[in-house]
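Participant: Structure file my_file-v4.cif, mmCIF, C-alpha atoms, is pasted below:
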data_start
loop_
_atom_site.label_atom_id
_atom_site.label_comp_id
_atom_site.auth_asym_id
_atom_site.auth_seq_id
_atom_site.Cartn_x
_atom_site.Cartn_y
_atom_site.Cartn_z
CA MET A 72 -15.14 -1.76 2.18
CA THR A 73 -13.04 -4.07 4.30
CA ILE A 74 -14.30 -7.10 6.19
CA SER A 75 -12.68 -7.66 9.58
CA ALA A 76 -12.05 -11.29 10.61
CA ARG A 77 -12.40 -10.24 14.21
CA PRO A 78 -16.06 -9.95 15.36
CA PRO A 79 -16.91 -6.47 16.71
CA THR A 80 -18.79 -7.77 19.78
CA TRP A 81 -17.56 -9.71 22.79
CA THR A 82 -20.22 -12.39 22.23
CA GLY A 83 -18.92 -12.92 18.71
CA ARG A 84 -15.33 -13.12 19.87
CA LEU A 85 -16.31 -15.55 22.65
CA ARG A 86 -18.22 -17.73 20.18
CA GLY A 87 -15.26 -17.72 17.81
CA ARG A 88 -12.85 -18.81 20.53
CA ALA A 89 -15.24 -21.49 21.80
CA VAL A 90 -15.82 -22.97 18.34
CA HIS A 91 -12.08 -22.85 17.62
CA ALA A 92 -11.22 -24.61 20.90
CA PHE A 93 -14.11 -27.09 20.81
CA PRO A 94 -15.23 -28.08 17.33
CA SER A 95 -18.25 -30.41 17.51
CA ASP A 96 -16.25 -33.60 16.82
CA THR A 97 -13.84 -32.64 19.62
CA LEU A 98 -16.58 -31.78 22.10
CA LEU A 99 -18.63 -34.96 21.49
CA PRO A 100 -16.34 -37.44 19.70
CA GLU A 101 -17.57 -40.82 18.47
CA ARG A 102 -14.14 -42.38 18.23
CA GLN A 103 -11.20 -42.59 20.64
CA PRO A 104 -7.53 -43.54 20.24
CA VAL A 105 -6.94 -47.30 20.26
CA TYR A 106 -5.04 -47.20 23.57
CA VAL A 107 -8.20 -45.92 25.34
CA ALA A 108 -9.47 -49.52 25.13
CA SER A 109 -8.28 -50.23 28.70
CA TRP A 110 -10.06 -50.63 32.04
CA ILE A 111 -7.91 -47.91 33.61
CA TYR A 112 -9.71 -45.28 31.48
CA VAL A 113 -13.08 -46.45 32.84
CA PHE A 114 -12.41 -45.02 36.29
CA GLY A 115 -12.70 -41.40 35.14
CA VAL A 116 -16.20 -42.10 33.83
CA LEU A 117 -17.08 -44.07 36.97
CA THR A 118 -16.01 -41.03 39.01
CA LEU A 119 -18.32 -38.80 36.96
CA ALA A 120 -21.21 -41.28 37.34
CA ALA A 121 -20.72 -41.42 41.11
CA PHE A 122 -20.56 -37.60 41.19
CA LEU A 123 -23.98 -37.41 39.51
CA VAL A 124 -25.44 -39.77 42.14
CA VAL A 125 -23.84 -37.63 44.87
CA LEU A 126 -25.44 -34.49 43.42
CA GLY A 127 -28.85 -36.16 42.88
CA SER A 128 -29.07 -37.65 46.39
CA GLY A 129 -27.77 -34.35 47.80
CA VAL A 130 -30.55 -32.43 46.04
CA VAL A 131 -33.17 -34.75 47.58
CA LEU A 132 -31.61 -34.29 51.03
CA ALA A 133 -31.57 -30.51 50.52
CA VAL A 134 -35.25 -30.47 49.55
CA ALA A 135 -36.27 -32.51 52.60
CA GLY A 136 -33.92 -30.80 55.05
CA PRO A 137 -30.95 -31.86 57.19
CA GLN A 138 -33.08 -33.52 59.92
CA TRP A 139 -35.14 -35.67 57.55
CA TRP A 140 -32.89 -38.74 57.65
CA HIS A 141 -33.23 -39.01 61.45
CA ARG A 142 -37.01 -39.66 61.38
CA SER A 143 -37.74 -41.30 58.03
CA SER A 144 -36.66 -44.67 56.59
CA ALA A 145 -36.77 -43.12 53.11
CA GLY A 146 -34.60 -40.27 54.40
CA HIS A 147 -32.22 -42.79 55.96
CA PHE A 148 -31.98 -44.59 52.61
CA VAL A 149 -31.26 -41.38 50.67
CA ASN A 150 -28.70 -40.33 53.29
CA SER A 151 -26.95 -43.70 52.95
CA LEU A 152 -27.10 -43.39 49.16
CA HIS A 153 -25.41 -39.99 49.50
CA LEU A 154 -22.71 -41.37 51.81
CA TRP A 155 -21.88 -44.46 49.75
CA SER A 156 -21.91 -42.62 46.44
CA VAL A 157 -19.36 -40.24 47.97
CA GLU A 158 -17.28 -43.23 49.13
CA LEU A 159 -17.34 -44.65 45.58
CA PHE A 160 -16.67 -41.20 44.08
CA MET A 161 -13.52 -40.79 46.18
CA ALA A 162 -12.36 -44.38 45.59
CA PHE A 163 -12.86 -44.19 41.81
CA MET A 164 -11.20 -40.77 41.70
CA VAL A 165 -8.13 -42.05 43.57
CA VAL A 166 -7.74 -45.06 41.23
CA HIS A 167 -8.14 -42.62 38.29
CA LEU A 168 -5.48 -40.41 39.91
CA TRP A 169 -3.08 -43.35 40.34
CA GLY A 170 -3.54 -44.32 36.69
CA LYS A 171 -2.95 -40.77 35.45
CA PHE A 172 0.05 -40.26 37.72
CA TRP A 173 1.85 -43.36 36.42
CA MET A 174 0.97 -42.34 32.84
CA ALA A 175 2.44 -38.86 33.50
CA ALA A 176 -0.82 -37.55 32.08
CA TRP A 177 0.40 -33.95 32.12
CA ARG A 178 2.54 -34.62 29.01
CA GLY A 179 1.72 -32.98 25.67
CA ARG A 180 0.33 -29.60 26.88
CA ARG A 181 -2.02 -31.32 29.31
CA ALA A 182 -0.83 -29.49 32.44
CA MET A 183 -4.21 -27.81 32.97
CA THR A 184 -5.97 -31.18 32.74
CA TRP A 185 -3.73 -32.46 35.53
CA VAL A 186 -4.05 -29.27 37.62
CA THR A 187 -7.86 -29.13 37.40
CA GLY A 188 -7.99 -32.82 38.37
CA ALA A 189 -5.80 -32.14 41.41
CA VAL A 190 -7.92 -29.12 42.41
CA CYS A 191 -11.06 -31.25 42.03
CA PHE A 192 -9.54 -33.90 44.31
CA LEU A 193 -8.64 -31.36 47.02
CA GLY A 194 -12.01 -29.60 46.71
CA SER A 195 -13.82 -32.91 47.03
CA ILE A 196 -11.98 -33.65 50.28
CA GLY A 197 -13.07 -30.26 51.66
CA THR A 198 -16.66 -30.89 50.56
CA ALA A 199 -16.67 -34.32 52.17
CA PHE A 200 -15.27 -32.94 55.43
CA THR A 201 -18.02 -30.30 55.65
CA GLY A 202 -20.47 -33.15 55.04
CA TYR A 203 -19.25 -34.82 58.22
CA LEU A 204 -20.08 -31.57 60.06
CA VAL A 205 -23.73 -31.40 58.97
CA GLN A 206 -24.89 -34.89 59.97
CA SER A 207 -26.63 -33.24 62.96
CA ASN A 208 -25.65 -36.02 65.38
CA PHE A 209 -23.04 -36.71 68.08
CA ASP A 210 -20.53 -37.74 65.41
CA SER A 211 -20.66 -34.30 63.76
CA GLN A 212 -20.41 -32.63 67.17
CA GLN A 213 -17.28 -34.57 68.02
CA ILE A 214 -15.71 -33.93 64.60
CA SER A 215 -16.48 -30.19 64.71
CA THR A 216 -15.00 -29.70 68.17
CA GLN A 217 -11.83 -31.50 67.08
CA ALA A 218 -11.64 -29.60 63.76
CA LYS A 219 -12.07 -26.16 65.34
CA ASP A 220 -8.80 -26.51 67.26
CA GLY A 221 -6.85 -27.34 64.13
CA LEU A 222 -8.45 -24.54 62.09
CA ASN A 223 -8.07 -21.98 64.90
CA SER A 224 -4.39 -22.83 65.21
CA VAL A 225 -3.84 -21.69 61.61
CA GLY A 226 -6.07 -18.59 61.89
CA ILE A 227 -8.99 -19.80 59.76
CA GLY A 228 -11.55 -20.17 62.54
CA ALA A 229 -12.48 -16.46 62.56
CA PHE A 230 -14.26 -16.68 59.20
CA PHE A 231 -14.69 -20.46 58.76
CA ASN A 232 -16.35 -21.62 61.98
CA VAL A 233 -16.91 -25.38 61.98
CA LEU A 234 -19.13 -25.03 65.07
CA ASN A 235 -21.56 -22.89 63.02
CA PHE A 236 -23.98 -25.48 61.60
CA GLY A 237 -25.70 -23.03 59.23
CA GLN A 238 -22.42 -21.81 57.77
CA MET A 239 -21.10 -25.35 57.29
CA LEU A 240 -24.40 -26.45 55.69
CA MET A 241 -24.16 -23.59 53.17
CA TRP A 242 -20.54 -24.43 52.39
CA HIS A 243 -21.47 -28.11 51.98
CA ILE A 244 -24.57 -27.78 49.80
CA VAL A 245 -23.88 -24.54 47.86
CA LEU A 246 -20.35 -23.14 47.71
CA LEU A 247 -18.15 -26.24 47.61
CA PRO A 248 -20.37 -28.36 45.28
CA LEU A 249 -20.58 -25.35 42.93
CA ALA A 250 -16.80 -24.96 42.95
CA VAL A 251 -16.16 -28.69 42.49
CA GLY A 252 -18.82 -28.89 39.77
CA ILE A 253 -17.24 -26.01 37.81
CA VAL A 254 -13.77 -27.55 38.14
CA VAL A 255 -15.13 -30.93 36.96
CA VAL A 256 -16.65 -29.30 33.86
CA VAL A 257 -13.37 -27.50 33.11
CA HIS A 258 -11.46 -30.78 33.65
CA VAL A 259 -13.69 -32.70 31.21
CA LEU A 260 -13.43 -29.87 28.65
CA GLN A 261 -9.63 -30.01 28.97
CA VAL A 262 -9.74 -33.77 28.32
CA ARG A 263 -11.89 -33.11 25.24
CA ARG A 264 -9.60 -30.33 24.01
CA ARG A 265 -6.22 -32.03 24.48
CA GLY A 266 -7.37 -35.64 24.22
CA VAL A 267 -6.40 -38.60 26.38
CA VAL A 268 -2.67 -38.81 27.02
CA PRO A 269 -1.06 -41.56 24.91
CA PRO A 270 1.20 -44.27 26.35
CA PHE A 271 4.94 -43.56 26.58
CA ASP A 272 5.78 -45.56 23.44
CA VAL A 273 3.40 -43.48 21.25
CA LEU A 274 5.19 -40.40 19.89
CA PRO A 275 4.75 -37.50 19.64
CA VAL A 276 2.41 -36.96 22.60
CA ASP A 277 0.75 -33.82 21.20
CA GLN A 278 -0.12 -35.26 17.79
CA PRO A 279 -3.71 -36.50 17.25
CA PRO A 280 -3.57 -40.32 17.09
CA GLU A 281 -5.62 -42.71 14.98
CA ARG A 282 -9.10 -43.10 16.44
CA ILE A 283 -11.41 -46.11 16.71
CA GLN A 284 -15.04 -46.68 17.67
CA LEU A 285 -15.08 -48.30 21.13
CA MET B 397 -38.77 -47.22 60.38
CA PHE B 398 -36.83 -50.31 59.26
CA THR B 399 -36.57 -52.43 62.41
CA ALA B 400 -35.65 -56.01 63.21
CA GLY B 401 -39.06 -56.58 64.77
CA ALA B 402 -40.89 -55.57 61.60
CA HIS B 403 -38.74 -57.48 59.11
CA PRO B 404 -36.60 -60.01 61.04
CA ALA B 405 -35.83 -62.29 58.08
CA LEU B 406 -34.94 -59.43 55.77
CA THR B 407 -32.89 -57.73 58.46
CA SER B 408 -30.83 -60.86 59.18
CA PHE B 409 -30.34 -61.35 55.42
CA LEU B 410 -29.11 -57.81 54.97
CA ALA B 411 -27.10 -57.70 58.21
CA ALA B 412 -23.39 -57.09 57.77
CA PRO B 413 -21.23 -60.24 57.88
CA VAL B 414 -19.05 -58.37 60.36
CA ASN B 415 -20.57 -57.08 63.61
CA LEU B 416 -20.43 -53.31 63.19
CA ASP B 417 -22.08 -52.50 66.53
CA ARG B 418 -18.82 -52.33 68.45
CA PRO B 419 -15.62 -50.27 68.45
CA GLY B 420 -13.38 -50.77 65.40
CA HIS B 421 -9.97 -52.43 65.34
CA TYR B 422 -6.97 -50.15 64.89
CA LEU B 423 -3.39 -50.82 63.85
CA HIS B 424 -0.52 -48.75 65.21
CA TRP B 425 2.86 -48.09 63.60
CA GLY B 426 4.54 -45.36 65.63
CA VAL B 427 2.66 -42.14 64.91
CA ILE B 428 0.51 -43.86 62.27
CA GLN B 429 -2.90 -45.14 63.39
CA LEU B 430 -5.07 -46.90 60.83
CA SER B 431 -8.36 -48.74 61.19
CA VAL B 432 -8.57 -52.26 59.80
CA ALA B 433 -11.65 -51.20 57.82
CA ASN B 434 -9.71 -48.43 56.06
CA LEU B 435 -6.80 -50.80 55.45
CA VAL B 436 -9.20 -53.24 53.75
CA VAL B 437 -10.61 -50.43 51.57
CA ILE B 438 -7.08 -49.37 50.54
CA ALA B 439 -6.19 -52.99 49.70
CA VAL B 440 -9.36 -53.34 47.58
CA MET B 441 -8.53 -50.09 45.72
CA LEU B 442 -4.97 -51.31 45.01
CA ALA B 443 -6.38 -54.62 43.76
CA LEU B 444 -8.85 -52.73 41.52
CA PHE B 445 -5.98 -50.64 40.14
CA ALA B 446 -3.88 -53.73 39.38
CA LEU B 447 -6.84 -55.50 37.72
CA ALA B 448 -7.64 -52.38 35.64
CA VAL B 449 -4.06 -52.29 34.35
CA LEU B 450 -3.71 -56.02 33.71
CA LEU B 451 -7.14 -57.23 32.51
CA PRO B 452 -7.83 -56.95 28.75
CA PHE B 453 -10.64 -54.59 27.75
CA PRO B 454 -13.52 -56.21 25.75
CA GLY B 455 -13.11 -55.39 22.08
CA GLY B 456 -9.71 -53.84 22.58
CA ARG B 457 -7.56 -56.96 22.10
CA GLY B 458 -5.46 -57.13 18.97
CA ARG B 459 -5.85 -53.46 18.05
CA ARG B 460 -2.79 -51.29 17.77
#
Turn this file's structure into structure tokens for me.
Facilitator:
Amino acid sequence: MTISARPPTWTGRLRGRAVHAFPSDTLLPERQPVYVASWIYVFGVLTLAAFLVVLGSGVVLAVAGPQWWHRSSAGHFVNSLHLWSVELFMAFMVVHLWGKFWMAAWRGRRAMTWVTGAVCFLGSIGTAFTGYLVQSNFDSQQISTQAKDGLNSVGIGAFFNVLNFGQMLMWHIVLLPLAVGIVVVVHVLQVRRRGVVPPFDVLPVDQPPERIQL
Amino acid sequence: MFTAGAHPALTSFLAAPVNLDRPGHYLHWGVIQLSVANLVVIAVMLALFALAVLLPFPGGRGRR
């Protein structure tokens, strides 16, 4: 009788790959390389924290409906919370991006970490823009009528109609947040798998460095 | 609704130091048009970036 190292089922193979790629101390580490003790690394976590506030306030707005904030002080507060958490999310993400760019954070087989971060940035811009379209006020009307000309000129308007409030609302609260959320999870998993990129004077870049408790 | 009549003291306390109830100021450089508000935000982000790079992290000093 021979024992195969390869599991016979797809669930077994998937589990094997997942455990190999993300052992428990890689997925939830207690220690980080010494060079992570820098404020510039805080901005990635701040971006994630702001993203959670964006999602939470967005869920409350979705439960109460898109008109709620026009006729309720509580709705106005939650709407403002949603707006300003997005502002902070974008600002923190851009500072994080600047830091990673000047570190050349794609070094040491970290290309997918960089790429997923870039896709997350672009997806977040699209999500924010559709948010402008669903304010249900004169501002959103003006923005949508300006945007339609640009999108029509590149042939997108036939299936992505910014004048269609229902379509834009669905894109803003379902499709784009889902896409950005998935990309964020993949990005964080890539950071866990490959580790934080070391400074230029630490060589080699793909070797696990000494870790400390922060 | 949160109105000035209902909470005048609180409203004046929370009121923005800059009057926001008027058109914004814009700067023009050729084809580039930028609001002063956005310019201030960009300057604050650059300052944050510089501080994050330069300021020592608590507990991180002396470790190599």
Participant: May I ask you to extract the residues of chain A within 10 Å of chain B, using only C-alpha atoms, and to give them as an mmCIF file with C-alpha atoms, in the frame of the given file?
Facilitator:
data_model
loop_
_atom_site.group_PDB
_atom_site.id
_atom_site.type_symbol
_atom_site.label_atom_id
_atom_site.label_comp_id
_atom_site.auth_asym_id
_atom_site.auth_seq_id
_atom_site.Cartn_x
_atom_site.Cartn_y
_atom_site.Cartn_z
ATOM 1 C CA PRO A 104 -7.530 -43.540 20.240
ATOM 2 C CA VAL A 105 -6.940 -47.300 20.260
ATOM 3 C CA TYR A 106 -5.040 -47.200 23.570
ATOM 4 C CA VAL A 107 -8.200 -45.920 25.340
ATOM 5 C CA ALA A 108 -9.470 -49.520 25.130
ATOM 6 C CA SER A 109 -8.280 -50.230 28.700
ATOM 7 C CA TRP A 110 -10.060 -50.630 32.040
ATOM 8 C CA ILE A 111 -7.910 -47.910 33.610
ATOM 9 C CA TYR A 112 -9.710 -45.280 31.480
ATOM 10 C CA VAL A 113 -13.080 -46.450 32.840
ATOM 11 C CA PHE A 114 -12.410 -45.020 36.290
ATOM 12 C CA HIS A 141 -33.230 -39.010 61.450
ATOM 13 C CA ARG A 142 -37.010 -39.660 61.380
ATOM 14 C CA SER A 143 -37.740 -41.300 58.030
ATOM 15 C CA SER A 144 -36.660 -44.670 56.590
ATOM 16 C CA ALA A 145 -36.770 -43.120 53.110
ATOM 17 C CA HIS A 147 -32.220 -42.790 55.960
ATOM 18 C CA ALA A 162 -12.360 -44.380 45.590
ATOM 19 C CA PHE A 163 -12.860 -44.190 41.810
ATOM 20 C CA VAL A 165 -8.130 -42.050 43.570
ATOM 21 C CA VAL A 166 -7.740 -45.060 41.230
ATOM 22 C CA HIS A 167 -8.140 -42.620 38.290
ATOM 23 C CA TRP A 169 -3.080 -43.350 40.340
ATOM 24 C CA GLY A 170 -3.540 -44.320 36.690
ATOM 25 C CA GLU A 281 -5.620 -42.710 14.980
ATOM 26 C CA ILE A 283 -11.410 -46.110 16.710
ATOM 27 C CA GLN A 284 -15.040 -46.680 17.670
ATOM 28 C CA LEU A 285 -15.080 -48.300 21.130
#
Participant: Interatomic distance between CA of Arg178 (chain A) and CA of Val267 (chain A)?
Facilitator: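 Rounded to one decimal, the two atoms are 10.1 Å apart.
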Participant: Record the distance separating CA of Ala175 (chain A) and CA of Arg265 (chain A), expressed in Å with one decimal.
Facilitator: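 Calculated distance between CA of Ala175 (chain A) and CA of Arg265 (chain A) is 14.2 Å.
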Participant: I'd like the interatomic distance between CA of Leu260 (chain A) and CA of Trp173 (chain A), to a tenth of an Å.
Facilitator: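 Distance reported for this atom pair: 21.8 Å.
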Participant: Within 8 Å of region 199-205 of chain A, counting only C-alpha atoms, which residues qualify if same-chain residues fewer than 6 places away don't, as a ChimeraX atom specification?
Facilitator: /A:137,157,211-212,214-215,233,236,239-240,242-243
Participant: Extending 4 Å beyond the listed atoms of region 441-449 of chain B on each side, what axis-aligned box results? I want centre and edge lengths in Å to one decimal, as JSON.
Facilitator:
{"center_x": -6.4, "center_y": -52.8, "center_z": 40.0, "size_x": 13.0, "size_y": 13.4, "size_z": 19.4}
